[in-house]
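One structure below.
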Amino acid sequence: MNRIITTLMVMIMFTLGSGIGAAASANPVASFSTSLKSGYSPTSVQFNDTITGLPEAWEWNFGDGSPNSNGQSPNNTSGSAGTYIATLNVSDSVSNSTKTQANCITVLNNNDSGSLTLMNTDFSQSSSIPQGVYIESIKNTLSNVTLTYNSNLKCADVTYLKPASGDLFFTNLYPTTDSNITYTLGTEGVSGSSYVNIVASNSLVAVFKKANGDYKLASYWTADNESTQNNYITVPAANIIDNKVTFSVACYESNRTNLLKYNNTIYTKTPFRTMNTRNQNYVFVNQPMVYLSAYFADDDTGPYVVHLYSIKQEIPRKTVTSYGTKSISALAIKYPDPENNGNGINLMKSNGQKSTIYVDADHLDSATVAYQKALLDAGWEIGIHYTVNLDTLPNETAIAIMDSEYNTIVNTFGKQPRTWAARESSGSISQAIYAYQRYGMIWRSCESGASWLSAGNLCNPYWQWWNTSIAQGIVFPAFTVATDKEPVTGSSINASYFTTFSNGFAANNIRLCGLNEYYFTQSAQNTTQVNITDYNNGYMRFTVNTSGYPCTLNVMTNMSNVAVSHDGVTVPYTSEDDGIVFTATNNTTYELRSLLSSSEKSVAILPVANFSTDITEGYAPLTIQFNDFSQNVLSREWDFDNDGKADSGDINPVYIYENSGTYTVNLTVSNENGTNSKTSVINVLTTGSSSGGSSGGSSHSSSDGGEGGSPEPAKNVQVKEISQAFVTNGKPVKFDFTKNATGVMYVSFDAKRTFGKTTTIAEMLKGRSALVSELPSGEVYKSFNVWVGNGGVATSKNIENPTVCFRVEKSWIKGKKIDPASIALNRYSDKKWEQFPVSLSGEDDKFLHFTAKTSGFSSFAITSTSKTSSEETVKEIQLESPETIINKNITANKEQKTAQNEIQGIPGFEIYCGAAGLLTVVLYKRKHSYSTYPNERI
């Protein structure tokens with residue numbers, strides 16, 4: 001027996017020895033590939049494990065600041081532009097291997113890249129008045145207003161005599177959500193008390209020329225209490241040359257504000273001009289028109305002359321920029337039937353036109369319903385017209401009627417209305433908010449609908465204006481009732497006029513459509529998402545997701561002779577000076593390919609540095625938003641304080657100048673072919689000092705929450721993310737941070753006041769916040785800031801139940817031996833730290849999610865305590881059989897199948913397995929027990 005055992009042990013040793021070489025060959029060797037090499041921010045990359053051997057652990061470092069991963073083939077999203085080095089380390093119980101790929105992923109900038117000019121009417125470049133610029137009266141009473149071309153000054157002259165009736169209209173603009181319109185003009189002939197208004201759907205600017213030659217520019221708005229407010233700026237006469245003043249009005253959907261600015265040094269920011277435009281809870285669309293009206297002081301009779309030199313419309317530009325179109329206009333018809341609308345609707349059908357049909361719970365006779373259902377089946381839109389004047393009812397009663405009649409319409413027609421109106425164009429912004437939140441309906445009777453101007457009603461009293469405007473190519477939403485009768489009264493239009501209306505739009509190649517299609521098409525600038533997935537010299541691929549309707553795309557590319565396609569189908573486009581333009585459809589992937597020869601493609605593309613600031617002068621502490629418009633950039637460095645050191649690598653950073661002085665800002669950009677720089681001067685004033693660039697006028701606080709800002713120095717911010725939501729009195733509000741750029745997942749609170757659209761910023765810091773004196777006690781995981789709106793929003797008077805949801809890396813908890821139950825959230829307020837308990841709200845592969853109710857929003861730190869050694873446990877592990885181990889390895893890594901077959905083919909392998917089955921080994925291994933992780937193996 002002893003001899004048998006001895007012989008068996010010798011055979012085992014011999015067999016093991018003969019297999020040493022085969023076993024060694026199974027040591028892991030790191031190797032990996034990626035799904036793409038470059039893309040536009042944010043870029044999602046699939047990392048694929050291509051190792052040899054049998055690893056037990058993987059650790060990925062993506063090089064872009066995102067958390068490491070322990071997955072075998074993880075996916076990572078890089079949000080910031082740059083070129084990154086990725087590293088994979090794999091290991092087993094006896095060895096490890098590392099693979100590093102330099103220039104692994106290049107992330108390009110798809111953020112703001114300057115301005116895209118949509119329209120530029122420069123009268124100095126013409127000898128007559130162009131189409132889209134004309135005078136007319138909405139009231140059909142044009143008198144004492146003339147429009148002529150001034151060949152001496154090379155401008156358009158509008159001359160008003162008192163009493164004047166009529167306005168100057170610009171209808172060659174584009175519908176937008178964010179835009180900047182620049183005017184160059186001058187006035188003469190009246191005292192400083194007379195003025196001209198420039199009116200857009202979201203702004204009203206009055207232009208005064210004072211007796212001393214100064215120009216006063218005042219931005220007006222109606223406050224929520226219905227009082228009229230204004231802020232103004234003064235352009236000194238010393239700055240005026242040849243009686244020309246150039247100024248711009250920029251509108252920002254993100255915080256519903258207008259920025260009135262002269263020469264980047266004199267400016268004022270005001271809210272959108274009406275409560276409706278500020279507070280509607282869906283994207284506000286600026287109608288593609290502005291008009292000028294003159295107002296005479298009592299002692300002025302005229303002539304009052306406005307010299308108009310140019311008007312230019314721009315929007316923020318990205319590599320791929322989406323925006324609305326001038327090829328559609330909206331029409332709504334209230335409860336159409338064959339008797340009152342049959343001929344008009346047949347005419348529209350012959351012209352390829354459609355509209356929204358407004359149905360009414362009081363007009364549901366079977367013949368009318370059958371006629372309307374046929375239109376809906378043909379693709380016309382349905383809207384609901386409420387039967388009562390909602391303004392005469394308590395809000396609770398009005399809401400109940402809205403719900404009841406909505407259900408009646410849905411049950412009758414089997415379709416859900418997408419827009420709404422009420423009797424006598426009644427309704428309120430609170431009802432509009434409710435209708436959109438509950439039913440997704442947009443309001444016809446508001447500035448984004450068909451009620452900015454009274455002429456939105458297509459009826460006889462406004463026909464003179466419509467007739468002239470159609471000939472000028474206008475795009476403007478309208479609604480009417482009867483279209484087949486003559487003469488008619490009220491909100492209907494004569495049959496002959498409606499024929500001119502329909503045929504006129506068709507002749508201009510402007511398609512009439514429903515209000516819902518019009519609204520969501522024209523909001524494309526804000527609602528379209530573009531994901532650029534690949535880019536190199538001569539090729540570009542990106543996916544477009546719209547609101548469901550087509551949109552216009554401008555692709556900024558230096559490629560010439562380009563072919564555009566999707567799914568192998570060629571897409572027509574037009575070429576412009578700095579890119580190409582085409583119509584894109586929803587959920588479609590497009591490819592751009594250069595048709596140049598390889599030698600032409602190889603020309604080196606150098607970076608071009610360019611940036612702008614929202615202001616260049618102000619009082620300390622001065623917060624300035626920098627916007628990088630550079631092109632062909634892989635990396636950037638900002639030096640804000642003129643010390644020769646890089647302060648930020650962000651694309652659009654915010655910097656706070658605490659002390660007065662003159663600072664030279666330097667932006668240096670680079671790519672693989674070189675570098676380029678641009679500088680600008682910032683003048684920070686001391687309180688009480690004066691400057692020729694200071695702004696004047698009354699100052700009134702806005703009723704909206706605003707975009708706010710951060711007092712944290714930009715160089716201390718690792719990454720930040722912005723979220724927007726509407727803050728309405730009595731409603732809970734939640735700001736979700738969906739990009740997962742920081743450790744903050746969302747913040748929420750209950751609103752005690754209405755602030756409208758509000759911006760919240762979450763900032764993950766590189767270390768301790770500069771706003772705190774010291775860190776709280778305990779093991780600090782991360783420090784971060786949360787800033788809600790402007791400084792007056794997140795106070796106890798305005799909000800209650802503030803809550804923060806954040807996440808903590810599991811790898812940090814394990815590495816630091818942290819007790820998850822000890823994790824807490826600390827807030828810095830009143831120069832001290834306050835600690836709040838947290839509750840576990842979820843988890844994913846990498847993170848635990850925690851939620852804490854706090855006392856407000858400011859600077860935070862996540863802390864915890866480590867486990868003591870006595871809390872560690874020892875676990876007994878049962879050794880698995882060699883066959884089980886081998887089978888698991890084969891399943892885990894199929895690439896090793898051949899190597900496993902070689903191991904099984906070793907002489908005496910079966911004897912080894914039988915002998916090993918006679919041995920029992922007990923191993924003890926120290927391991928942490930995390931009962932917090934329901935899926936963690938103990």
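Naming works like this for the structure tokens: A, B, ... for the chains as they're shown, residue 1 at the start of each chain, ligands 1 onward in shown order.
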
Sel. of strand (DSSP E or B) residues, region 169-287 of chain A, as a PyMOL selection string: chain A and resi 169-170+176+179-188+195-200+203-209+215-222+228-235+241+244-252+257-262+266-271+286

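Summary of the local environment: counting only C-alpha atoms, residues at most 7 Å from Gly618 (chain A), other than itself and those fewer than 2 positions away along its chain, are Ala620, Leu622, Asn683, Val684 and Leu685 of chain A.
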
Would you list the contacts of region 556-570 of chain A as an MDAnalysis selection string, taking every protein, DNA or RNA residue within 8 Å and counting only C-alpha atoms, but skipping same-chain residues closer than 3 positions in sequence? chainID A and resid 318:320 538 573 578:580 588:596

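From CA of Val681 (chain A) back to CA of Val608 (chain A), the distance works out to 19.0 Å.
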
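Proximity of A:Val744, A:Val780, A:Val249, A:Leu292 to Phe847 (chain A), computed with only C-alpha atoms, is greatest for A:Val744.
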
Check region 464-601 of chain A with DSSP on the backbone and list each residue it calls helix (DSSP H, G or I), as a VMD selection string. chain A and resid 464 to 471 495 to 507 515 to 522 524 to 527 598 to 601

I need the chosen residues saved as an mmCIF file, in the first residue's frame, with N, CA and C atoms.
```cif
data_model
loop_
_atom_site.group_PDB
_atom_site.id
_atom_site.type_symbol
_atom_site.label_atom_id
_atom_site.label_comp_id
_atom_site.auth_asym_id
_atom_site.auth_seq_id
_atom_site.Cartn_x
_atom_site.Cartn_y
_atom_site.Cartn_z
ATOM 1 N N GLN A 464 -55.633 93.805 -44.621
ATOM 2 C CA GLN A 464 -54.656 94.648 -45.323
ATOM 3 C C GLN A 464 -53.239 94.301 -44.895
ATOM 4 N N TRP A 465 -53.037 94.110 -43.583
ATOM 5 C CA TRP A 465 -51.706 93.738 -43.086
ATOM 6 C C TRP A 465 -51.301 92.369 -43.618
ATOM 7 N N TRP A 466 -52.225 91.414 -43.577
ATOM 8 C CA TRP A 466 -51.912 90.075 -44.072
ATOM 9 C C TRP A 466 -51.595 90.097 -45.569
ATOM 10 N N ASN A 467 -52.344 90.809 -46.347
ATOM 11 C CA ASN A 467 -52.158 90.847 -47.795
ATOM 12 C C ASN A 467 -50.770 91.370 -48.149
ATOM 13 N N THR A 468 -50.363 92.462 -47.478
ATOM 14 C CA THR A 468 -49.022 93.013 -47.719
ATOM 15 C C THR A 468 -47.942 92.055 -47.211
ATOM 16 N N SER A 469 -48.155 91.475 -46.039
ATOM 17 C CA SER A 469 -47.138 90.627 -45.417
ATOM 18 C C SER A 469 -46.917 89.339 -46.196
ATOM 19 N N ILE A 470 -47.997 88.751 -46.736
ATOM 20 C CA ILE A 470 -47.836 87.529 -47.529
ATOM 21 C C ILE A 470 -46.972 87.810 -48.751
ATOM 22 N N ALA A 471 -47.180 88.953 -49.391
ATOM 23 C CA ALA A 471 -46.364 89.317 -50.555
ATOM 24 C C ALA A 471 -44.898 89.494 -50.184
ATOM 25 N N ALA A 495 -64.163 84.806 -48.138
ATOM 26 C CA ALA A 495 -63.718 83.678 -48.956
ATOM 27 C C ALA A 495 -62.658 84.105 -49.964
ATOM 28 N N SER A 496 -62.812 85.259 -50.594
ATOM 29 C CA SER A 496 -61.828 85.715 -51.589
ATOM 30 C C SER A 496 -60.491 86.005 -50.934
ATOM 31 N N TYR A 497 -60.528 86.559 -49.720
ATOM 32 C CA TYR A 497 -59.273 86.821 -49.000
ATOM 33 C C TYR A 497 -58.578 85.505 -48.646
ATOM 34 N N PHE A 498 -59.369 84.523 -48.224
ATOM 35 C CA PHE A 498 -58.744 83.246 -47.847
ATOM 36 C C PHE A 498 -58.123 82.574 -49.063
ATOM 37 N N THR A 499 -58.729 82.723 -50.220
ATOM 38 C CA THR A 499 -58.131 82.176 -51.438
ATOM 39 C C THR A 499 -56.771 82.814 -51.695
ATOM 40 N N THR A 500 -56.689 84.135 -51.535
ATOM 41 C CA THR A 500 -55.406 84.834 -51.687
ATOM 42 C C THR A 500 -54.410 84.359 -50.636
ATOM 43 N N PHE A 501 -54.879 84.156 -49.419
ATOM 44 C CA PHE A 501 -54.028 83.687 -48.317
ATOM 45 C C PHE A 501 -53.406 82.336 -48.661
ATOM 46 N N SER A 502 -54.226 81.343 -49.014
ATOM 47 C CA SER A 502 -53.710 80.005 -49.293
ATOM 48 C C SER A 502 -52.806 79.993 -50.517
ATOM 49 N N ASN A 503 -53.251 80.629 -51.593
ATOM 50 C CA ASN A 503 -52.439 80.641 -52.814
ATOM 51 C C ASN A 503 -51.151 81.433 -52.640
ATOM 52 N N GLY A 504 -51.203 82.480 -51.814
ATOM 53 C CA GLY A 504 -50.006 83.287 -51.592
ATOM 54 C C GLY A 504 -48.905 82.509 -50.890
ATOM 55 N N PHE A 505 -49.254 81.763 -49.843
ATOM 56 C CA PHE A 505 -48.248 80.941 -49.170
ATOM 57 C C PHE A 505 -47.715 79.856 -50.103
ATOM 58 N N ALA A 506 -48.581 79.258 -50.903
ATOM 59 C CA ALA A 506 -48.119 78.232 -51.839
ATOM 60 C C ALA A 506 -47.153 78.820 -52.863
ATOM 61 N N ALA A 507 -47.444 80.042 -53.353
ATOM 62 C CA ALA A 507 -46.559 80.686 -54.328
ATOM 63 C C ALA A 507 -45.194 80.998 -53.722
ATOM 64 N N LEU A 515 -50.381 73.867 -35.783
ATOM 65 C CA LEU A 515 -49.596 74.596 -34.777
ATOM 66 C C LEU A 515 -48.595 73.704 -34.068
ATOM 67 N N ASN A 516 -48.955 72.453 -33.805
ATOM 68 C CA ASN A 516 -48.043 71.556 -33.102
ATOM 69 C C ASN A 516 -46.804 71.282 -33.935
ATOM 70 N N GLU A 517 -46.986 70.970 -35.223
ATOM 71 C CA GLU A 517 -45.838 70.757 -36.101
ATOM 72 C C GLU A 517 -44.993 72.019 -36.198
ATOM 73 N N TYR A 518 -45.648 73.163 -36.339
ATOM 74 C CA TYR A 518 -44.915 74.426 -36.439
ATOM 75 C C TYR A 518 -44.073 74.664 -35.188
ATOM 76 N N TYR A 519 -44.689 74.522 -34.025
ATOM 77 C CA TYR A 519 -43.975 74.811 -32.780
ATOM 78 C C TYR A 519 -42.767 73.895 -32.610
ATOM 79 N N PHE A 520 -42.943 72.587 -32.741
ATOM 80 C CA PHE A 520 -41.836 71.674 -32.465
ATOM 81 C C PHE A 520 -40.773 71.701 -33.561
ATOM 82 N N THR A 521 -41.143 72.060 -34.773
ATOM 83 C CA THR A 521 -40.130 72.259 -35.814
ATOM 84 C C THR A 521 -39.292 73.492 -35.518
ATOM 85 N N GLN A 522 -39.958 74.585 -35.127
ATOM 86 C CA GLN A 522 -39.237 75.835 -34.900
ATOM 87 C C GLN A 522 -38.460 75.837 -33.585
ATOM 88 N N ALA A 524 -36.406 73.520 -32.815
ATOM 89 C CA ALA A 524 -35.337 72.547 -33.052
ATOM 90 C C ALA A 524 -34.007 72.978 -32.453
ATOM 91 N N GLN A 525 -33.777 74.271 -32.388
ATOM 92 C CA GLN A 525 -32.515 74.773 -31.836
ATOM 93 C C GLN A 525 -32.304 74.281 -30.411
ATOM 94 N N ASN A 526 -33.410 74.077 -29.680
ATOM 95 C CA ASN A 526 -33.330 73.666 -28.285
ATOM 96 C C ASN A 526 -33.652 72.198 -28.085
ATOM 97 N N THR A 527 -34.459 71.605 -28.965
ATOM 98 C CA THR A 527 -34.971 70.253 -28.735
ATOM 99 C C THR A 527 -34.244 69.177 -29.531
ATOM 100 N N SER A 598 -6.458 61.872 -51.749
ATOM 101 C CA SER A 598 -5.742 61.672 -50.492
ATOM 102 C C SER A 598 -4.695 62.739 -50.271
ATOM 103 N N SER A 599 -4.092 63.264 -51.329
ATOM 104 C CA SER A 599 -3.082 64.313 -51.161
ATOM 105 C C SER A 599 -3.713 65.606 -50.702
ATOM 106 N N GLU A 600 -4.939 65.883 -51.191
ATOM 107 C CA GLU A 600 -5.631 67.094 -50.749
ATOM 108 C C GLU A 600 -6.065 66.977 -49.297
ATOM 109 N N LYS A 601 -6.472 65.763 -48.870
ATOM 110 C CA LYS A 601 -6.918 65.564 -47.511
ATOM 111 C C LYS A 601 -5.792 65.716 -46.503
#
```
